[in-house]
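Q: File follows, upload_20.csv with CSV, C-alpha atoms:
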chain,number,residue,atom,x,y,z
A,1,MET,CA,97.0,110.7,74.9
A,2,LYS,CA,94.5,111.2,72.1
A,3,ILE,CA,96.6,114.1,70.7
A,4,LYS,CA,99.8,112.0,71.0
A,5,ASN,CA,98.3,109.1,69.1
A,6,THR,CA,96.8,111.3,66.4
A,7,ILE,CA,100.3,112.9,65.9
A,8,ALA,CA,101.8,109.4,65.7
A,9,GLN,CA,99.3,108.3,63.1
A,10,LEU,CA,99.9,111.4,61.0
A,11,ALA,CA,103.6,110.8,61.3
A,12,CYS,CA,103.1,107.3,60.1
A,13,ALA,CA,101.2,108.5,57.1
A,14,ALA,CA,103.9,111.1,56.4
A,15,ALA,CA,106.6,108.5,56.7
A,16,LEU,CA,104.6,106.3,54.3
A,17,LEU,CA,104.4,109.0,51.7
A,18,GLY,CA,108.0,110.0,52.1
A,19,ALA,CA,109.1,106.4,52.0
A,20,CYS,CA,107.1,105.7,48.8
A,21,GLY,CA,108.8,108.7,47.2
A,22,GLY,CA,112.1,107.3,48.3
A,23,GLU,CA,111.4,104.0,46.7
A,24,GLU,CA,110.8,105.7,43.4
A,25,SER,CA,114.0,107.6,43.6
A,26,SER,CA,115.9,104.4,44.5
A,27,THR,CA,114.4,102.6,41.5
A,28,THR,CA,115.3,105.4,39.2
A,29,ALA,CA,118.9,105.5,40.6
A,30,SER,CA,119.3,101.7,40.2
A,31,THR,CA,118.6,102.0,36.4
A,32,GLY,CA,121.5,104.4,35.9
A,33,THR,CA,119.3,106.6,33.7
A,34,GLN,CA,117.1,109.7,34.3
A,35,PRO,CA,114.7,111.6,32.0
A,36,ALA,CA,116.4,114.3,30.0
A,37,ASN,CA,114.7,117.1,31.9
A,38,ALA,CA,115.1,115.5,35.4
A,39,THR,CA,116.7,117.3,38.2
A,40,PRO,CA,119.9,115.5,39.3
A,41,THR,CA,119.2,113.4,42.3
A,42,ALA,CA,120.7,114.8,45.5
A,43,PRO,CA,123.2,112.5,47.3
A,44,PRO,CA,121.8,110.7,50.3
A,45,ARG,CA,122.1,112.4,53.6
A,46,PRO,CA,124.9,111.2,55.8
A,47,LEU,CA,123.6,108.4,58.0
A,48,ARG,CA,124.4,110.1,61.3
A,49,GLU,CA,122.7,113.3,60.1
A,50,LEU,CA,119.7,111.2,59.0
A,51,VAL,CA,119.5,109.4,62.4
A,52,GLY,CA,120.0,112.6,64.4
A,53,ASP,CA,118.7,112.2,67.9
A,54,THR,CA,116.1,109.6,67.1
A,55,PHE,CA,117.8,107.1,69.4
A,56,ALA,CA,119.7,107.2,72.7
A,57,ALA,CA,122.4,104.8,73.9
A,58,VAL,CA,122.0,102.7,77.0
A,59,ALA,CA,124.7,101.9,79.6
A,60,ALA,CA,124.8,99.5,82.6
A,61,PRO,CA,123.2,101.2,85.6
A,62,THR,CA,125.5,102.4,88.3
A,63,ASP,CA,123.0,102.7,91.2
A,64,ILE,CA,122.2,99.0,91.7
A,65,ASP,CA,122.2,97.6,95.2
A,66,ARG,CA,124.2,94.4,94.5
A,67,ASP,CA,122.9,92.4,97.5
A,68,LYS,CA,119.3,93.2,96.8
A,69,MET,CA,119.9,92.4,93.1
A,70,LEU,CA,121.3,89.0,93.9
A,71,LEU,CA,118.5,88.3,96.2
A,72,GLY,CA,116.0,89.4,93.5
A,73,ARG,CA,117.8,87.1,91.0
A,74,ARG,CA,117.2,84.1,93.3
A,75,LEU,CA,113.6,85.0,93.8
A,76,PHE,CA,113.1,85.5,90.0
A,77,HIS,CA,114.2,81.9,89.4
A,78,ASP,CA,112.4,80.4,92.4
A,79,THR,CA,109.3,78.3,91.6
A,80,ARG,CA,108.2,78.7,95.2
A,81,LEU,CA,106.7,82.0,94.1
A,82,SER,CA,104.0,80.0,92.3
A,83,GLY,CA,101.0,78.3,93.8
A,84,ASP,CA,102.0,74.8,92.8
A,85,GLY,CA,105.8,75.2,92.9
A,86,THR,CA,106.3,74.6,89.2
A,87,VAL,CA,106.6,78.1,87.7
A,88,SER,CA,109.1,80.9,88.3
A,89,CYS,CA,109.4,84.4,86.7
A,90,ALA,CA,112.2,82.9,84.6
A,91,THR,CA,109.8,80.4,83.1
A,92,CYS,CA,108.3,83.1,80.9
A,93,HIS,CA,111.3,85.5,80.9
A,94,SER,CA,114.3,83.3,80.1
A,95,MET,CA,117.8,84.8,79.9
A,96,SER,CA,118.4,82.3,77.1
A,97,SER,CA,115.6,83.7,75.1
A,98,GLY,CA,116.4,87.4,75.3
A,99,GLY,CA,114.4,87.8,78.6
A,100,ALA,CA,111.2,86.5,76.8
A,101,GLU,CA,110.1,83.0,76.0
A,102,PRO,CA,110.4,80.7,72.9
A,103,ARG,CA,106.6,80.0,72.9
A,104,ALA,CA,103.7,81.8,71.2
A,105,THR,CA,102.0,82.4,74.6
A,106,SER,CA,102.9,81.7,78.2
A,107,THR,CA,102.3,78.4,80.1
A,108,GLY,CA,101.4,78.9,83.7
A,109,ILE,CA,100.7,76.6,86.7
A,110,ARG,CA,98.9,73.3,86.0
A,111,GLY,CA,99.8,73.6,82.4
A,112,GLN,CA,97.4,76.5,81.7
A,113,ILE,CA,98.0,78.3,78.5
A,114,GLY,CA,97.9,82.1,78.7
A,115,PRO,CA,96.4,84.3,76.0
A,116,ILE,CA,99.5,86.5,75.2
A,117,ASN,CA,103.2,86.4,74.5
A,118,SER,CA,105.5,87.4,77.3
A,119,PRO,CA,107.4,90.7,76.5
A,120,THR,CA,111.1,90.7,77.3
A,121,VAL,CA,112.2,91.7,80.8
A,122,LEU,CA,115.6,93.0,79.4
A,123,ASN,CA,115.8,96.8,79.4
A,124,ALA,CA,112.1,96.8,80.6
A,125,GLY,CA,112.9,99.6,83.0
A,126,PHE,CA,113.1,102.0,80.0
A,127,ASN,CA,109.5,101.3,78.9
A,128,PHE,CA,107.0,104.0,79.6
A,129,VAL,CA,104.5,101.4,80.9
A,130,GLN,CA,104.6,97.7,81.4
A,131,PHE,CA,102.6,94.8,79.8
A,132,TRP,CA,101.3,94.9,76.3
A,133,ASP,CA,98.2,96.8,77.4
A,134,GLY,CA,100.0,99.2,79.7
A,135,ARG,CA,98.1,98.2,82.8
A,136,ALA,CA,101.2,98.5,85.0
A,137,ALA,CA,102.8,101.9,85.4
A,138,ASP,CA,106.2,100.6,86.4
A,139,LEU,CA,108.3,97.5,87.2
A,140,LEU,CA,107.0,97.3,90.7
A,141,GLU,CA,103.4,97.0,89.5
A,142,GLN,CA,104.5,94.6,86.8
A,143,ALA,CA,106.3,92.3,89.2
A,144,ALA,CA,103.3,91.9,91.4
A,145,GLY,CA,100.9,91.0,88.6
A,146,PRO,CA,101.9,87.5,87.5
A,147,VAL,CA,102.5,86.2,91.1
A,148,THR,CA,98.8,86.1,92.0
A,149,ASN,CA,97.4,85.7,88.5
A,150,PRO,CA,95.5,82.4,88.6
A,151,ILE,CA,96.6,81.4,85.1
A,152,GLU,CA,100.2,82.5,85.5
A,153,MET,CA,101.8,81.8,88.9
A,154,GLY,CA,98.6,81.5,91.0
A,155,ALA,CA,100.2,82.1,94.4
A,156,GLU,CA,98.7,83.7,97.6
A,157,TRP,CA,101.0,86.0,99.4
A,158,PRO,CA,100.6,84.7,103.0
A,159,SER,CA,101.5,81.1,102.0
A,160,LEU,CA,104.2,82.3,99.6
A,161,LEU,CA,105.9,84.3,102.4
A,162,GLU,CA,105.6,81.4,104.8
A,163,ARG,CA,107.5,79.2,102.3
A,164,LEU,CA,110.3,81.8,101.9
A,165,ARG,CA,110.6,82.3,105.7
A,166,ALA,CA,111.3,78.5,106.0
A,167,ASP,CA,114.4,79.0,104.0
A,168,GLU,CA,117.3,80.1,106.3
A,169,THR,CA,119.3,81.5,103.4
A,170,TYR,CA,116.4,83.8,102.5
A,171,MET,CA,116.0,84.8,106.1
A,172,GLN,CA,119.7,85.9,106.3
A,173,SER,CA,119.6,87.6,102.9
A,174,PHE,CA,116.5,89.6,103.6
A,175,GLY,CA,117.7,90.5,107.1
A,176,ALA,CA,121.0,91.8,105.6
A,177,SER,CA,119.2,93.9,103.0
A,178,TYR,CA,116.0,95.0,104.7
A,179,GLY,CA,116.7,94.8,108.4
A,180,GLU,CA,114.0,93.9,110.9
A,181,SER,CA,111.2,94.0,108.3
A,182,GLY,CA,112.7,90.9,106.7
A,183,ILE,CA,110.6,88.8,104.3
A,184,THR,CA,107.5,90.8,103.3
A,185,GLN,CA,105.5,91.2,100.1
A,186,ALA,CA,107.0,94.7,99.6
A,187,ASN,CA,110.5,93.5,100.1
A,188,VAL,CA,110.1,90.5,97.8
A,189,LEU,CA,108.9,92.7,95.1
A,190,ASP,CA,111.5,95.4,95.7
A,191,ALA,CA,114.3,92.8,95.4
A,192,ILE,CA,112.9,91.4,92.1
A,193,VAL,CA,112.6,94.9,90.7
A,194,GLU,CA,116.3,95.6,91.7
A,195,TYR,CA,117.3,92.5,89.7
A,196,GLU,CA,115.1,93.6,86.7
A,197,ARG,CA,116.6,97.1,86.8
A,198,SER,CA,120.0,95.5,86.4
A,199,LEU,CA,119.1,93.8,83.2
A,200,VAL,CA,120.4,96.4,80.8
A,201,THR,CA,122.1,95.2,77.6
A,202,PRO,CA,124.3,97.6,75.7
A,203,SER,CA,124.9,96.5,72.2
A,204,ARG,CA,127.1,97.3,69.2
A,205,PHE,CA,124.4,99.8,68.1
A,206,ASP,CA,125.1,101.8,71.3
A,207,THR,CA,128.8,101.8,70.4
A,208,TRP,CA,127.9,103.2,67.0
A,209,LEU,CA,125.7,105.8,68.6
A,210,GLY,CA,128.7,106.7,70.7
A,211,GLY,CA,130.6,107.6,67.5
A,212,ASP,CA,132.3,104.4,66.4
A,213,ASP,CA,131.4,104.0,62.8
A,214,ALA,CA,133.1,100.6,62.6
A,215,ALA,CA,130.7,99.2,65.2
A,216,LEU,CA,128.1,98.4,62.5
A,217,THR,CA,128.8,96.7,59.2
A,218,GLU,CA,128.0,98.3,55.9
A,219,GLU,CA,124.9,96.0,55.6
A,220,GLU,CA,123.8,97.0,59.1
A,221,GLN,CA,124.2,100.6,58.3
A,222,ARG,CA,122.2,100.2,55.1
A,223,GLY,CA,119.5,98.5,57.2
A,224,LEU,CA,119.5,101.4,59.7
A,225,ARG,CA,119.1,103.8,56.8
A,226,LEU,CA,116.2,101.8,55.5
A,227,PHE,CA,114.7,101.5,59.0
A,228,VAL,CA,114.6,105.3,59.2
A,229,ASP,CA,113.6,106.0,55.6
A,230,THR,CA,110.8,103.4,55.7
A,231,GLY,CA,109.2,105.1,58.7
A,232,CYS,CA,109.9,102.4,61.4
A,233,THR,CA,111.2,105.1,63.7
A,234,THR,CA,107.8,106.7,64.0
A,235,CYS,CA,107.2,104.1,66.7
A,236,HIS,CA,110.5,102.4,67.3
A,237,ASP,CA,112.7,105.2,68.6
A,238,GLY,CA,114.3,106.5,71.8
A,239,ARG,CA,116.5,104.7,74.3
A,240,ASN,CA,114.7,101.4,74.0
A,241,VAL,CA,114.1,101.5,70.2
A,242,GLY,CA,110.4,101.3,71.1
A,243,GLY,CA,108.6,101.0,74.4
A,244,GLY,CA,107.6,104.7,74.5
A,245,SER,CA,104.1,104.8,73.1
A,246,TYR,CA,100.9,103.0,72.2
A,247,GLN,CA,100.1,102.1,68.6
A,248,ARG,CA,97.2,100.4,66.9
A,249,MET,CA,98.1,97.0,65.5
A,250,GLY,CA,97.2,97.3,61.8
A,251,LEU,CA,97.3,101.1,61.3
A,252,VAL,CA,97.1,100.9,57.5
A,253,GLN,CA,96.0,97.4,56.8
A,254,SER,CA,94.1,95.0,59.0
A,255,TYR,CA,96.5,92.8,60.9
A,256,PHE,CA,93.7,90.6,62.2
A,257,GLU,CA,92.2,90.0,58.7
A,258,ARG,CA,95.7,89.1,57.5
A,259,ARG,CA,96.1,86.7,60.4
A,260,GLY,CA,92.8,84.9,59.6
A,261,GLY,CA,90.0,87.1,60.9
A,262,ARG,CA,89.2,85.8,64.4
A,263,VAL,CA,89.8,88.3,67.2
A,264,THR,CA,90.4,87.3,70.8
A,265,GLU,CA,90.0,89.3,74.0
A,266,ALA,CA,93.8,89.6,74.1
A,267,ASP,CA,93.7,91.2,70.7
A,268,LEU,CA,91.7,94.1,72.1
A,269,GLY,CA,94.9,95.4,73.7
A,270,ARG,CA,94.7,98.7,75.6
A,271,PHE,CA,90.9,98.7,75.2
A,272,ASN,CA,90.7,96.0,77.9
A,273,VAL,CA,92.1,98.5,80.4
A,274,THR,CA,90.3,101.7,79.4
A,275,GLN,CA,87.2,100.5,77.6
A,276,ALA,CA,87.8,103.5,75.3
A,277,GLU,CA,86.9,102.7,71.6
A,278,GLU,CA,90.0,104.6,70.5
A,279,ASP,CA,92.2,102.2,72.3
A,280,ARG,CA,90.8,99.0,70.6
A,281,HIS,CA,93.7,97.0,69.2
A,282,LYS,CA,96.3,99.4,70.6
A,283,PHE,CA,99.4,98.0,72.3
A,284,LYS,CA,102.5,99.3,73.9
A,285,VAL,CA,105.1,99.4,71.2
A,286,PRO,CA,107.7,96.7,72.1
A,287,THR,CA,111.4,97.4,72.5
A,288,LEU,CA,113.4,96.0,69.6
A,289,ARG,CA,116.5,95.5,71.8
A,290,ASN,CA,117.5,91.8,71.6
A,291,VAL,CA,114.7,91.2,69.2
A,292,GLU,CA,116.8,88.6,67.4
A,293,LEU,CA,116.4,86.4,70.5
A,294,THR,CA,112.8,87.1,71.5
A,295,GLY,CA,110.7,85.3,68.9
A,296,PRO,CA,108.1,84.3,68.2
A,297,TYR,CA,106.9,87.9,67.6
A,298,PHE,CA,103.9,90.2,68.3
A,299,HIS,CA,101.5,90.0,71.2
A,300,ASP,CA,100.1,86.8,69.8
A,301,GLY,CA,103.4,85.1,69.0
A,302,SER,CA,102.1,84.4,65.5
A,303,GLU,CA,105.3,85.1,63.6
A,304,ARG,CA,108.3,82.9,64.3
A,305,GLU,CA,110.8,84.6,62.0
A,306,LEU,CA,112.3,88.1,62.4
A,307,ALA,CA,112.3,88.7,58.7
A,308,GLY,CA,108.6,87.8,58.6
A,309,ALA,CA,107.9,90.2,61.4
A,310,VAL,CA,109.7,93.0,59.6
A,311,ARG,CA,107.7,92.3,56.4
A,312,THR,CA,104.4,92.2,58.3
A,313,MET,CA,105.0,95.4,60.2
A,314,ALA,CA,106.0,97.2,57.0
A,315,GLN,CA,102.7,96.1,55.3
A,316,VAL,CA,100.2,96.6,58.1
A,317,GLN,CA,101.6,99.6,59.8
A,318,LEU,CA,103.1,101.5,56.8
A,319,GLY,CA,101.5,100.0,53.7
A,320,ARG,CA,105.0,99.1,52.3
A,321,GLU,CA,105.9,95.9,50.4
A,322,LEU,CA,109.6,95.6,51.1
A,323,ALA,CA,112.0,93.9,48.7
A,324,ASP,CA,113.8,90.8,50.0
A,325,ALA,CA,117.1,92.7,50.0
A,326,ASP,CA,115.7,95.5,52.1
A,327,VAL,CA,114.1,93.0,54.6
A,328,SER,CA,117.5,91.3,54.9
A,329,ALA,CA,119.3,94.6,55.5
A,330,ILE,CA,116.8,95.8,58.1
A,331,THR,CA,117.0,92.4,60.0
A,332,ALA,CA,120.8,92.8,59.9
A,333,PHE,CA,120.5,96.1,61.6
A,334,LEU,CA,118.0,94.7,64.2
A,335,ARG,CA,120.6,92.0,65.1
A,336,SER,CA,123.0,94.7,66.0
A,337,LEU,CA,120.6,95.5,68.9
A,338,THR,CA,121.5,92.2,70.5
A,339,GLY,CA,123.3,93.2,73.6
A,340,GLU,CA,125.5,91.5,76.3
A,341,LEU,CA,123.8,90.2,79.4
A,342,PRO,CA,125.1,91.6,82.7
A,343,ALA,CA,127.6,89.2,84.3
A,344,ASP,CA,125.2,88.5,87.2
A,345,ALA,CA,122.0,88.0,85.1
A,346,ARG,CA,122.1,84.2,85.0
A,347,LEU,CA,121.4,82.2,88.1
A,348,PRO,CA,124.4,80.0,89.1
A,349,GLU,CA,123.6,76.5,90.2
A,350,ALA,CA,125.0,77.2,93.6
A,351,ALA,CA,122.5,80.1,94.1
A,352,ALA,CA,119.4,77.8,93.6
A,353,PRO,CA,117.3,76.8,96.5
A,354,ALA,CA,118.3,73.6,98.2
A,355,ALA,CA,116.8,70.3,97.1
A,356,GLY,CA,113.4,69.6,98.7
A,357,GLU,CA,112.9,73.3,99.5
A,358,GLY,CA,111.2,74.1,96.2
A,359,ALA,CA,113.3,73.8,93.0
A,360,ALA,CA,114.3,76.9,91.1
A,361,ALA,CA,113.9,77.1,87.3
A,362,PRO,CA,116.9,75.5,85.6
A,363,ALA,CA,120.0,77.7,85.5
A,364,GLU,CA,120.5,79.2,82.1
Transcribe the structure of this file into structure tokens.
A:
Amino acid sequence: MKIKNTIAQLACAAALLGACGGEESSTTASTGTQPANATPTAPPRPLRELVGDTFAAVAAPTDIDRDKMLLGRRLFHDTRLSGDGTVSCATCHSMSSGGAEPRATSTGIRGQIGPINSPTVLNAGFNFVQFWDGRAADLLEQAAGPVTNPIEMGAEWPSLLERLRADETYMQSFGASYGESGITQANVLDAIVEYERSLVTPSRFDTWLGGDDAALTEEEQRGLRLFVDTGCTTCHDGRNVGGGSYQRMGLVQSYFERRGGRVTEADLGRFNVTQAEEDRHKFKVPTLRNVELTGPYFHDGSERELAGAVRTMAQVQLGRELADADVSAITAFLRSLTGELPADARLPEAAAPAAGEGAAAPAE
């Protein structure tokens, strides 16, 4: 991991140097003049050649067990999975907010305010680890965490399972999908994971990756070129346009000084898991898919606007001060990553638990 992170930091520095050189060339080109002894500027590389295999398209999964997925969807939206019956998974992972939440940090049972912003659940199965600090290896470990967390959902499995077993619809659905084992902790989590695995959102960018040049506008393509040239792809690459590595928050400039100086326990990131000094302030790089919908941004939810997030990341991670036009183009590209929710992602009103049996989170 140390070698991988060192390589990533060197790549960031290389991207910074290359990007700074590119800025100078761009400025020279914009004046329409060159020094008399200057070598003619080479034409820009074709965009597809520049992008190469940096990214990979996503497509809706074909191996989803539909019955388990629908069962998991109901559980995901059911407040009976929380200790006081007020919070569901969907409270912090709303389909109307790109699978994230429109709050800086999460609100759990009894109105408790959590320390960190909820990452999107959409396309989360493509992340190499789960949670900002990577403490869960996969979706199964992730799904189990919030249920018993005293600040988040604060439930205890024996009483939770008892509540679910009192619901005849759940009894029938679990019996059909899991046979005699019925409603168990393992089966509840398995069904939720099946639902989460289904939440894949192909976008216009995937269509472009598939060869359709018209899928992105000229401004979006210019933003994609800037995204690559600026060095953003050092961390935001692959199938999830992120989600594949850890990176220090504030690689070139101090993010926390810029924010005001005070550092919280949540700001320590991966260090809280490993206690290794090299992991201080490191976080899982977030996916940028559906980023248009998932504000406020960063682990602390401190930035409400996407353009502001782009500008901040360019400064603290790459040492770049982006022009307004370039920020606008990059954000235009990022909006092309907004995908289409699967048809069964939202919970229909008819699928909610019956009145008096524990209300589900509002249908979205």
Q: Give me, please, the distance in Å between CA of Arg110 (chain A) and CA of Gln142 (chain A), quoted to one decimal.
A: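 These atoms are spaced 22.0 Å apart.
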Q: Region 120-137 of chain A: which residues within 9 Å, counting all atoms listed in the file, same-chain residues fewer than 2 positions away excluded, as a ChimeraX atom specification?
A: /A:58,92-95,97-101,116-118,139-142,145,196-201,239-240,242-246,268-273,282-287,289-291,294,299,341
Q: Kindly give the distance, in Å, that separates CA of Ile192 (chain A) and CA of Phe76 (chain A), rounded to a single decimal.
A: 6.3 Å
Q: Just how far from CA of Ser96 (chain A) is CA of Ala325 (chain A), in Å to one decimal?
A: 29.1 Å
Q: Would you mind listing what lies within 9 Å of Ile330 (chain A) as a PDB file with C-alpha atoms, in the coordinates of the input, with only C-alpha atoms counted and same-chain residues fewer than 4 positions away left out?
A:
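The result, stored in out.pdb:
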ATOM      1  CA  GLU A 219     124.900  96.000  55.600  1.00  0.00           C
ATOM      2  CA  GLU A 220     123.800  97.000  59.100  1.00  0.00           C
ATOM      3  CA  GLN A 221     124.200 100.600  58.300  1.00  0.00           C
ATOM      4  CA  ARG A 222     122.200 100.200  55.100  1.00  0.00           C
ATOM      5  CA  GLY A 223     119.500  98.500  57.200  1.00  0.00           C
ATOM      6  CA  LEU A 224     119.500 101.400  59.700  1.00  0.00           C
ATOM      7  CA  ARG A 225     119.100 103.800  56.800  1.00  0.00           C
ATOM      8  CA  LEU A 226     116.200 101.800  55.500  1.00  0.00           C
ATOM      9  CA  PHE A 227     114.700 101.500  59.000  1.00  0.00           C
ATOM     10  CA  ALA A 307     112.300  88.700  58.700  1.00  0.00           C
ATOM     11  CA  VAL A 310     109.700  93.000  59.600  1.00  0.00           C
ATOM     12  CA  ALA A 325     117.100  92.700  50.000  1.00  0.00           C
ATOM     13  CA  ASP A 326     115.700  95.500  52.100  1.00  0.00           C
ATOM     14  CA  LEU A 334     118.000  94.700  64.200  1.00  0.00           C
ATOM     15  CA  ARG A 335     120.600  92.000  65.100  1.00  0.00           C
TER      16      ARG A 335
END
Q: Measuring between only C-alpha atoms, which one of A:Gln172, A:Ser82, A:Gln317, A:Asn149 shows the shortest distance to Gly250 (chain A)?
A: A:Gln317
Q: So, counting only C-alpha atoms, which residue among A:Asp212, A:Asp67, A:Asp84, A:Glu156 is closest to Asp344 (chain A)?
A: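 Between A:Asp212, A:Asp67, A:Asp84, A:Glu156, the residue approaching Asp344 (chain A) most closely is A:Asp67.
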Q: Give the answer as one residue: which of A:Gly238, A:Pro202, A:Pro40, A:Gly114 has the shortest atom-to-atom distance to Asp300 (chain A), using all atoms listed in the file?
A: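 For Asp300 (chain A), the nearest of the given residues is A:Gly114.
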Q: Looking at only C-alpha atoms, which of A:Gln315, A:Thr54, A:Thr41, A:Ser181 is the one that sits closest to Thr230 (chain A)?
A: A:Gln315
Q: Smallest atom-to-atom distance to Ser328 (chain A): which of A:Ala343, A:Ser173, A:Gln112, A:Ala309, using all atoms listed in the file?
A: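 Nearest to Ser328 (chain A): A:Ala309.
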Q: Find the residue from A:Gly231, A:Gly52, A:Pro296, A:Pro119 that sits nearest to Gly319 (chain A); use only C-alpha atoms when measuring.
A: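 Using only C-alpha atoms, the shortest distance to Gly319 (chain A) belongs to A:Gly231.
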